[in-house]
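Enquirer: So here's data20.pdb (PDB, N, CA and C atoms).
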```
ATOM      1  N   MET A   7     129.175 108.048  63.377
ATOM      2  CA  MET A   7     129.649 109.390  63.096
ATOM      3  C   MET A   7     129.575 109.609  61.585
ATOM      4  N   ASP A   8     128.968 110.726  61.205
ATOM      5  CA  ASP A   8     128.844 111.002  59.780
ATOM      6  C   ASP A   8     129.704 112.197  59.384
ATOM      7  N   ALA A   9     129.890 112.353  58.099
ATOM      8  CA  ALA A   9     130.790 113.387  57.576
ATOM      9  C   ALA A   9     130.271 114.790  57.882
ATOM     10  N   GLN A  10     128.960 114.987  57.874
ATOM     11  CA  GLN A  10     128.408 116.314  58.163
ATOM     12  C   GLN A  10     128.761 116.751  59.579
ATOM     13  N   GLU A  11     128.703 115.815  60.495
ATOM     14  CA  GLU A  11     129.050 116.094  61.890
ATOM     15  C   GLU A  11     130.518 116.498  62.003
ATOM     16  N   LEU A  12     131.372 115.830  61.242
ATOM     17  CA  LEU A  12     132.804 116.120  61.295
ATOM     18  C   LEU A  12     133.142 117.448  60.638
ATOM     19  N   LYS A  13     132.436 117.794  59.584
ATOM     20  CA  LYS A  13     132.729 119.039  58.871
ATOM     21  C   LYS A  13     132.458 120.270  59.734
ATOM     22  N   SER A  14     131.566 120.123  60.706
ATOM     23  CA  SER A  14     131.241 121.261  61.562
ATOM     24  C   SER A  14     132.272 121.474  62.669
ATOM     25  N   LYS A  15     133.186 120.532  62.852
ATOM     26  CA  LYS A  15     134.194 120.644  63.907
ATOM     27  C   LYS A  15     135.422 121.403  63.419
ATOM     28  N   THR A  16     136.158 121.940  64.376
ATOM     29  CA  THR A  16     137.393 122.653  64.044
ATOM     30  C   THR A  16     138.513 121.637  63.830
ATOM     31  N   PRO A  17     139.589 122.042  63.157
ATOM     32  CA  PRO A  17     140.710 121.115  62.966
ATOM     33  C   PRO A  17     141.293 120.587  64.281
ATOM     34  N   ASP A  18     141.318 121.415  65.325
ATOM     35  CA  ASP A  18     141.831 120.946  66.618
ATOM     36  C   ASP A  18     140.942 119.857  67.207
ATOM     37  N   GLN A  19     139.631 120.040  67.094
ATOM     38  CA  GLN A  19     138.704 119.024  67.583
ATOM     39  C   GLN A  19     138.860 117.731  66.792
ATOM     40  N   LEU A  20     139.076 117.865  65.486
ATOM     41  CA  LEU A  20     139.257 116.674  64.646
ATOM     42  C   LEU A  20     140.533 115.938  65.016
ATOM     43  N   LYS A  21     141.585 116.686  65.313
ATOM     44  CA  LYS A  21     142.849 116.042  65.699
ATOM     45  C   LYS A  21     142.697 115.300  67.020
ATOM     46  N   GLU A  22     141.964 115.882  67.960
ATOM     47  CA  GLU A  22     141.703 115.205  69.230
ATOM     48  C   GLU A  22     140.913 113.920  69.006
ATOM     49  N   GLN A  23     139.930 114.002  68.140
ATOM     50  CA  GLN A  23     139.112 112.821  67.843
ATOM     51  C   GLN A  23     139.962 111.743  67.170
ATOM     52  N   LEU A  24     140.872 112.164  66.297
ATOM     53  CA  LEU A  24     141.746 111.211  65.617
ATOM     54  C   LEU A  24     142.626 110.470  66.621
ATOM     55  N   VAL A  25     143.178 111.194  67.577
ATOM     56  CA  VAL A  25     144.004 110.564  68.611
ATOM     57  C   VAL A  25     143.184 109.553  69.409
ATOM     58  N   ALA A  26     141.970 109.933  69.774
ATOM     59  CA  ALA A  26     141.108 109.032  70.546
ATOM     60  C   ALA A  26     140.769 107.775  69.747
ATOM     61  N   LEU A  27     140.494 107.939  68.469
ATOM     62  CA  LEU A  27     140.163 106.783  67.628
ATOM     63  C   LEU A  27     141.364 105.863  67.454
ATOM     64  N   LYS A  28     142.548 106.443  67.310
ATOM     65  CA  LYS A  28     143.743 105.617  67.156
ATOM     66  C   LYS A  28     144.034 104.844  68.432
ATOM     67  N   LYS A  29     143.793 105.460  69.597
ATOM     68  CA  LYS A  29     143.963 104.742  70.865
ATOM     69  C   LYS A  29     142.983 103.589  70.954
ATOM     70  N   GLU A  30     141.746 103.843  70.538
ATOM     71  CA  GLU A  30     140.739 102.786  70.576
ATOM     72  C   GLU A  30     141.120 101.638  69.636
ATOM     73  N   ALA A  31     141.618 101.971  68.453
ATOM     74  CA  ALA A  31     142.037 100.931  67.499
ATOM     75  C   ALA A  31     143.176 100.100  68.088
ATOM     76  N   PHE A  32     144.098 100.767  68.762
ATOM     77  CA  PHE A  32     145.219 100.072  69.402
ATOM     78  C   PHE A  32     144.697  99.093  70.452
ATOM     79  N   ASN A  33     143.784  99.557  71.293
ATOM     80  CA  ASN A  33     143.223  98.693  72.331
ATOM     81  C   ASN A  33     142.442  97.528  71.733
ATOM     82  N   LEU A  34     141.727  97.785  70.650
ATOM     83  CA  LEU A  34     140.973  96.709  70.001
ATOM     84  C   LEU A  34     141.903  95.651  69.424
ATOM     85  N   ARG A  35     143.034  96.089  68.862
ATOM     86  CA  ARG A  35     144.002  95.121  68.331
ATOM     87  C   ARG A  35     144.554  94.240  69.450
ATOM     88  N   PHE A  36     144.820  94.836  70.597
ATOM     89  CA  PHE A  36     145.312  94.045  71.729
ATOM     90  C   PHE A  36     144.258  93.065  72.214
ATOM     91  N   GLN A  37     143.017  93.513  72.278
ATOM     92  CA  GLN A  37     141.939  92.622  72.704
ATOM     93  C   GLN A  37     141.784  91.456  71.738
ATOM     94  N   GLN A  38     141.946  91.732  70.455
ATOM     95  CA  GLN A  38     141.819  90.658  69.470
ATOM     96  C   GLN A  38     142.965  89.658  69.616
ATOM     97  N   ALA A  39     144.165  90.173  69.858
ATOM     98  CA  ALA A  39     145.328  89.290  69.982
ATOM     99  C   ALA A  39     145.224  88.387  71.200
ATOM    100  N   THR A  40     144.597  88.889  72.266
ATOM    101  CA  THR A  40     144.476  88.087  73.481
ATOM    102  C   THR A  40     143.176  87.298  73.538
ATOM    103  N   GLY A  41     142.349  87.425  72.520
ATOM    104  CA  GLY A  41     141.103  86.668  72.463
ATOM    105  C   GLY A  41     139.986  87.256  73.300
ATOM    106  N   GLN A  42     140.092  88.507  73.710
ATOM    107  CA  GLN A  42     139.077  89.135  74.546
ATOM    108  C   GLN A  42     138.080  89.965  73.746
ATOM    109  N   LEU A  43     138.321  90.132  72.467
ATOM    110  CA  LEU A  43     137.461  90.999  71.655
ATOM    111  C   LEU A  43     136.143  90.296  71.350
ATOM    112  N   GLU A  44     135.043  90.930  71.742
ATOM    113  CA  GLU A  44     133.728  90.334  71.511
ATOM    114  C   GLU A  44     133.060  90.895  70.268
ATOM    115  N   ASN A  45     133.192  92.204  70.054
ATOM    116  CA  ASN A  45     132.544  92.846  68.913
ATOM    117  C   ASN A  45     133.603  93.131  67.834
ATOM    118  N   THR A  46     133.811  92.196  66.946
ATOM    119  CA  THR A  46     134.850  92.348  65.929
ATOM    120  C   THR A  46     134.494  93.418  64.899
ATOM    121  N   ALA A  47     133.224  93.715  64.741
ATOM    122  CA  ALA A  47     132.803  94.733  63.780
ATOM    123  C   ALA A  47     133.253  96.123  64.216
ATOM    124  N   ARG A  48     133.515  96.294  65.501
ATOM    125  CA  ARG A  48     133.942  97.602  66.011
ATOM    126  C   ARG A  48     135.278  98.012  65.398
ATOM    127  N   MET A  49     136.152  97.042  65.120
ATOM    128  CA  MET A  49     137.450  97.357  64.499
ATOM    129  C   MET A  49     137.235  98.019  63.145
ATOM    130  N   ARG A  50     136.308  97.500  62.392
ATOM    131  CA  ARG A  50     136.034  98.040  61.063
ATOM    132  C   ARG A  50     135.488  99.462  61.145
ATOM    133  N   THR A  51     134.556  99.677  62.070
ATOM    134  CA  THR A  51     133.970 101.011  62.181
ATOM    135  C   THR A  51     134.994 102.032  62.661
ATOM    136  N   VAL A  52     135.861 101.631  63.578
ATOM    137  CA  VAL A  52     136.893 102.557  64.063
ATOM    138  C   VAL A  52     137.862 102.897  62.936
ATOM    139  N   ARG A  53     138.254 101.900  62.166
ATOM    140  CA  ARG A  53     139.177 102.128  61.049
ATOM    141  C   ARG A  53     138.567 103.087  60.033
ATOM    142  N   ARG A  54     137.281 102.918  59.761
ATOM    143  CA  ARG A  54     136.609 103.801  58.803
ATOM    144  C   ARG A  54     136.431 105.207  59.365
ATOM    145  N   ASP A  55     136.186 105.294  60.664
ATOM    146  CA  ASP A  55     136.072 106.614  61.292
ATOM    147  C   ASP A  55     137.405 107.357  61.236
ATOM    148  N   VAL A  56     138.508 106.638  61.431
ATOM    149  CA  VAL A  56     139.838 107.253  61.320
ATOM    150  C   VAL A  56     140.029 107.802  59.914
ATOM    151  N   ALA A  57     139.678 107.016  58.926
ATOM    152  CA  ALA A  57     139.816 107.457  57.530
ATOM    153  C   ALA A  57     138.932 108.663  57.253
ATOM    154  N   ARG A  58     137.721 108.660  57.810
ATOM    155  CA  ARG A  58     136.788 109.768  57.611
ATOM    156  C   ARG A  58     137.345 111.056  58.210
ATOM    157  N   VAL A  59     137.899 110.972  59.427
ATOM    158  CA  VAL A  59     138.471 112.150  60.084
ATOM    159  C   VAL A  59     139.671 112.670  59.298
ATOM    160  N   LYS A  60     140.529 111.764  58.836
ATOM    161  CA  LYS A  60     141.704 112.183  58.056
ATOM    162  C   LYS A  60     141.284 112.873  56.763
ATOM    163  N   THR A  61     140.253 112.361  56.127
ATOM    164  CA  THR A  61     139.768 112.949  54.881
ATOM    165  C   THR A  61     139.268 114.372  55.113
ATOM    166  N   ILE A  62     138.476 114.557  56.157
ATOM    167  CA  ILE A  62     137.945 115.896  56.461
ATOM    168  C   ILE A  62     139.082 116.848  56.811
ATOM    169  N   LEU A  63     140.076 116.378  57.575
ATOM    170  CA  LEU A  63     141.228 117.225  57.908
ATOM    171  C   LEU A  63     141.972 117.656  56.646
ATOM    172  N   ASN A  64     142.170 116.728  55.733
ATOM    173  CA  ASN A  64     142.853 117.062  54.483
ATOM    174  C   ASN A  64     142.048 118.037  53.640
ATOM    175  N   GLN A  65     140.740 117.876  53.622
ATOM    176  CA  GLN A  65     139.888 118.805  52.872
ATOM    177  C   GLN A  65     139.964 120.204  53.464
ATOM    178  N   LYS A  66     139.941 120.289  54.788
ATOM    179  CA  LYS A  66     140.028 121.601  55.439
ATOM    180  C   LYS A  66     141.384 122.254  55.177
ATOM    181  N   ALA A  67     142.452 121.456  55.169
ATOM    182  CA  ALA A  67     143.782 121.990  54.892
ATOM    183  C   ALA A  67     143.867 122.478  53.449
ATOM    184  N   ALA A  68     143.280 121.749  52.523
ATOM    185  CA  ALA A  68     143.295 122.145  51.119
ATOM    186  C   ALA A  68     142.482 123.421  50.908
ATOM    187  N   ASP A  69     141.355 123.525  51.596
ATOM    188  CA  ASP A  69     140.536 124.738  51.494
ATOM    189  C   ASP A  69     141.287 125.952  52.043
ATOM    190  N   ALA A  70     141.986 125.748  53.152
ATOM    191  CA  ALA A  70     142.747 126.855  53.749
ATOM    192  C   ALA A  70     143.898 127.277  52.834
ATOM    193  N   ALA A  71     144.542 126.320  52.185
ATOM    194  CA  ALA A  71     145.639 126.644  51.281
ATOM    195  C   ALA A  71     145.120 127.356  50.026
ATOM    196  N   ALA A  72     143.947 126.949  49.557
ATOM    197  CA  ALA A  72     143.371 127.570  48.361
ATOM    198  C   ALA A  72     142.898 128.999  48.661
ATOM    199  N   ALA A  73     142.517 129.259  49.890
ATOM    200  CA  ALA A  73     142.041 130.589  50.252
ATOM    201  C   ALA A  73     143.178 131.611  50.317
ATOM    202  N   ASN A  74     144.395 131.128  50.516
ATOM    203  CA  ASN A  74     145.540 132.057  50.606
ATOM    204  C   ASN A  74     146.102 132.353  49.282
TER
END
```
Go ahead and render the structure in this file as structure tokens.
Expert:
Amino acid sequence: MDAQELKSKTPDQLKEQLVALKKEAFNLRFQQATGQLENTARMRTVRRDVARVKTILNQKAADAAAAN
């Protein structure tokens, strides 16, 4: 997922995506704790995707505040 793709989404869509990513991160942590996690790199990508979504949400909020 790239930033351009995220910028085209609405804040509601971004919030939904954030919830889904956080659920996935939670499940990955459980898999790691129980020794079932096979793709450890997925944790890193999910964490970065969460940060990317949060950044875009904050930028959109700042733009909306500046417009008023």
Enquirer: In chain A, what's alpha helix (DSSP H) per DSSP? Answer as a count of residues only?
Expert: 56
Enquirer: Quote the spacing between atom CA of A:Arg58 and atom CA of A:Glu44 in Å to one decimal place.
Expert: 24.1 Å
Enquirer: Applied to this file, what does the PyMOL selection byres (((chain A and resi 52 and name CA) around 12) and name CA) return in terms of residues, put as a list in words?
Expert: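 Answer for the PyMOL selection byres (((chain A and resi 52 and name CA) around 12) and name CA): Met7, Gln23, Leu24, Val25, Ala26, Leu27, Lys28, Lys29, Glu30, Ala31, Phe32, Asn33, Leu34, Arg35, Asn45, Thr46, Ala47, Arg48, Met49, Arg50, Thr51, Arg53, Arg54, Asp55, Val56, Ala57, Arg58 and Val59 of chain A.
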Enquirer: Might you pull out every residue within 10 Å of A:Lys13, with only C-alpha atoms counted and same-chain residues fewer than 5 positions away left off, and present them as a list in words?
Expert: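 Skipping anything fewer than 5 positions along the chain leaves Asp8, Leu20, Val59, Ile62, Leu63, Gln65 and Lys66 of chain A.
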Enquirer: Once you have the residues from the selection above, write them out as a PDB file, in the frame of the given file, restricted to N, CA and C atoms.
Expert:
```pdb
ATOM      1  N   ASP A   8     128.968 110.726  61.205  1.00  0.00           N
ATOM      2  CA  ASP A   8     128.844 111.002  59.780  1.00  0.00           C
ATOM      3  C   ASP A   8     129.704 112.197  59.384  1.00  0.00           C
ATOM      4  N   LEU A  20     139.076 117.865  65.486  1.00  0.00           N
ATOM      5  CA  LEU A  20     139.257 116.674  64.646  1.00  0.00           C
ATOM      6  C   LEU A  20     140.533 115.938  65.016  1.00  0.00           C
ATOM      7  N   VAL A  59     137.899 110.972  59.427  1.00  0.00           N
ATOM      8  CA  VAL A  59     138.471 112.150  60.084  1.00  0.00           C
ATOM      9  C   VAL A  59     139.671 112.670  59.298  1.00  0.00           C
ATOM     10  N   ILE A  62     138.476 114.557  56.157  1.00  0.00           N
ATOM     11  CA  ILE A  62     137.945 115.896  56.461  1.00  0.00           C
ATOM     12  C   ILE A  62     139.082 116.848  56.811  1.00  0.00           C
ATOM     13  N   LEU A  63     140.076 116.378  57.575  1.00  0.00           N
ATOM     14  CA  LEU A  63     141.228 117.225  57.908  1.00  0.00           C
ATOM     15  C   LEU A  63     141.972 117.656  56.646  1.00  0.00           C
ATOM     16  N   GLN A  65     140.740 117.876  53.622  1.00  0.00           N
ATOM     17  CA  GLN A  65     139.888 118.805  52.872  1.00  0.00           C
ATOM     18  C   GLN A  65     139.964 120.204  53.464  1.00  0.00           C
ATOM     19  N   LYS A  66     139.941 120.289  54.788  1.00  0.00           N
ATOM     20  CA  LYS A  66     140.028 121.601  55.439  1.00  0.00           C
ATOM     21  C   LYS A  66     141.384 122.254  55.177  1.00  0.00           C
TER      22      LYS A  66
END
```
Enquirer: So the first atom is atom CA of A:Ala39 and the second is atom CA of A:Glu22; what is the distance between them in Å, to one decimal place?
Expert: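 Atom-to-atom, atom CA of A:Ala39 to atom CA of A:Glu22, that is 26.2 Å.
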Enquirer: Mind pulling up the distance from atom C of A:Asn74 to atom C of A:Gln19?
Expert: 23.9 Å
